[in-house]
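Report on the following structure.
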Amino acid sequence: MKSRIAALIGSVVVAALVLPVQTASATRLPITHCTFTPTPDNPAARPVLRPVPIAPTIGTFDVTFHFNYGPVTVRLNRAGAAPCAVQNLISLVAQRFYDHSQCWRLSNSARLGVLQCGDIYEVEKGGPGYKFPDETDGTETYGRGTIAMGNQGPGTNGSEWFIVHSFAHIPTNYSVMGTVIRGMDVLDRIVAAGIIPSDRGPLDGAPAQPVRILRGTLG
């Protein structure tokens, strides 16, 4: 019960933090509506409330992930193509969903160079108990430092995300939320520590040394 109350408080705080203030001259609030659909067949890995179903479409918001390797700060673009994904990530960080979780996938191949996090149990397992649609327009690029939503197919976004540490030659199926503004050296150290080969390939598996998110912080 206490954790549920804490999650509710976190969600309310997020709403207060991210909703824009309407000025006297404003004729329309710069927001968009979001759809966060419960997934009862795939319940939340940790107690968490769905984000408020609206998202600002102006400005940026910074989030820092404190890894066991060091901090990485990402600047989320609320005015970009994926405001609902940004709203979702902020909400999950505020509710401490990612605290004391592990990043289960690291790749460094000619096609894909990313660190994937947000799955609580293992790769692509352990989400927030809801999903929401993709926010892509076909112009997405995934250069070094990009943070984007991971998914398991169209419309399956939840808690999973990845940061590109080199480049990602992938289809434009992944909602881009922003970019790293501090801490790329942390990603470089994670990559340098190596990768455990998997059935996806010798350069696509779990990090050779565990990569943990100690906590996520807003602002």
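By convention here, the chains of the structure tokens are called A, B, ... in the order presented, each chain's residues are numbered starting at 1, and ligands are numbered starting at 1 in the order presented.
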
Excluding Tyr121 (chain A) and residues on its chain fewer than 6 positions from it, collect all residues at most 12 Å away from it, counting only C-alpha atoms, and give them as JSON, numbers by chain.
{"A": [44, 45, 46, 98, 100, 101, 102, 103, 104, 105, 127, 128, 159, 160]}

Atoms kept (C-alpha atoms) for selection, written as a tab-separated table (two decimals), in the first residue's frame:
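Output (part20.tsv):
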```tsv
chain	number	residue	atom	x	y	z
A	44	ALA	CA	3.68	-4.49	-14.05
A	45	ALA	CA	7.02	-5.78	-12.83
A	46	ARG	CA	6.92	-3.14	-10.10
A	98	TYR	CA	14.08	2.09	-12.88
A	100	HIS	CA	18.05	-0.70	-8.77
A	101	SER	CA	17.36	-2.29	-12.15
A	102	GLN	CA	19.77	-3.87	-14.60
A	103	CYS	CA	20.49	-3.23	-18.28
A	104	TRP	CA	20.30	-6.64	-19.90
A	105	ARG	CA	21.48	-5.97	-23.44
A	127	GLY	CA	7.41	-3.84	-18.13
A	128	PRO	CA	5.11	-1.31	-16.43
A	159	SER	CA	9.37	0.88	-20.03
A	160	GLU	CA	12.12	-0.33	-22.35
```

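Those residues in region 65-183 of chain A carrying a DSSP assignment of alpha helix (DSSP H), computed from the backbone, are Pro83, Cys84, Ala85, Val86, Gln87, Asn88, Leu89, Ile90, Ser91, Leu92, Val93 and Ala94 of chain A.
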
Next, write the just-selected residues to a file, as a tab-separated table (two decimals), in the first residue's frame, keeping N, CA, C and O atoms as the atom set.
```tsv
chain	number	residue	atom	x	y	z
A	83	PRO	N	6.15	13.07	-27.79
A	83	PRO	CA	5.88	13.68	-26.49
A	83	PRO	C	5.29	12.70	-25.47
A	83	PRO	O	5.53	12.83	-24.26
A	84	CYS	N	4.50	11.72	-25.93
A	84	CYS	CA	3.93	10.76	-24.99
A	84	CYS	C	5.00	9.81	-24.44
A	84	CYS	O	4.96	9.44	-23.26
A	85	ALA	N	5.96	9.45	-25.27
A	85	ALA	CA	7.08	8.63	-24.80
A	85	ALA	C	7.90	9.40	-23.77
A	85	ALA	O	8.34	8.84	-22.76
A	86	VAL	N	8.09	10.69	-24.00
A	86	VAL	CA	8.81	11.53	-23.04
A	86	VAL	C	8.04	11.59	-21.73
A	86	VAL	O	8.61	11.42	-20.64
A	87	GLN	N	6.73	11.83	-21.82
A	87	GLN	CA	5.90	11.87	-20.62
A	87	GLN	C	5.99	10.56	-19.84
A	87	GLN	O	6.07	10.55	-18.61
A	88	ASN	N	5.98	9.45	-20.56
A	88	ASN	CA	6.06	8.14	-19.94
A	88	ASN	C	7.38	7.94	-19.20
A	88	ASN	O	7.40	7.48	-18.05
A	89	LEU	N	8.49	8.31	-19.85
A	89	LEU	CA	9.79	8.11	-19.21
A	89	LEU	C	9.91	8.96	-17.95
A	89	LEU	O	10.39	8.49	-16.91
A	90	ILE	N	9.46	10.21	-18.02
A	90	ILE	CA	9.51	11.08	-16.85
A	90	ILE	C	8.67	10.49	-15.71
A	90	ILE	O	9.09	10.49	-14.55
A	91	SER	N	7.49	9.99	-16.05
A	91	SER	CA	6.62	9.40	-15.04
A	91	SER	C	7.26	8.20	-14.37
A	91	SER	O	7.23	8.06	-13.14
A	92	LEU	N	7.87	7.33	-15.16
A	92	LEU	CA	8.49	6.14	-14.59
A	92	LEU	C	9.70	6.49	-13.73
A	92	LEU	O	9.93	5.87	-12.68
A	93	VAL	N	10.47	7.47	-14.15
A	93	VAL	CA	11.61	7.91	-13.34
A	93	VAL	C	11.10	8.50	-12.02
A	93	VAL	O	11.64	8.22	-10.95
A	94	ALA	N	10.05	9.33	-12.09
A	94	ALA	CA	9.50	9.95	-10.88
A	94	ALA	C	8.97	8.90	-9.91
A	94	ALA	O	9.06	9.08	-8.68
```

Of the listed residues A:Ile213, A:Pro207, A:Ile163, A:Val191, that which approaches Ile120 (chain A) most closely, counting only C-alpha atoms
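Smallest separation from Ile120 (chain A) among the options: A:Ile213.
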
Using only C-alpha atoms, pick whichever of A:Val48, A:Tyr69, A:Gly126, A:Glu135 has the shortest atom-to-atom distance to Thr32 (chain A).
A:Glu135

Interatomic distance (Å, one decimal) between CA of Leu218 (chain A) and CA of Thr39 (chain A):
26.6 Å

Of the residues A:Val180, A:Lys131, A:Ala168, A:Ile196, which is the one nearest to Pro43 (chain A), using only C-alpha atoms?
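Comparing A:Val180, A:Lys131, A:Ala168, A:Ile196 against Pro43 (chain A), the winner is A:Lys131.
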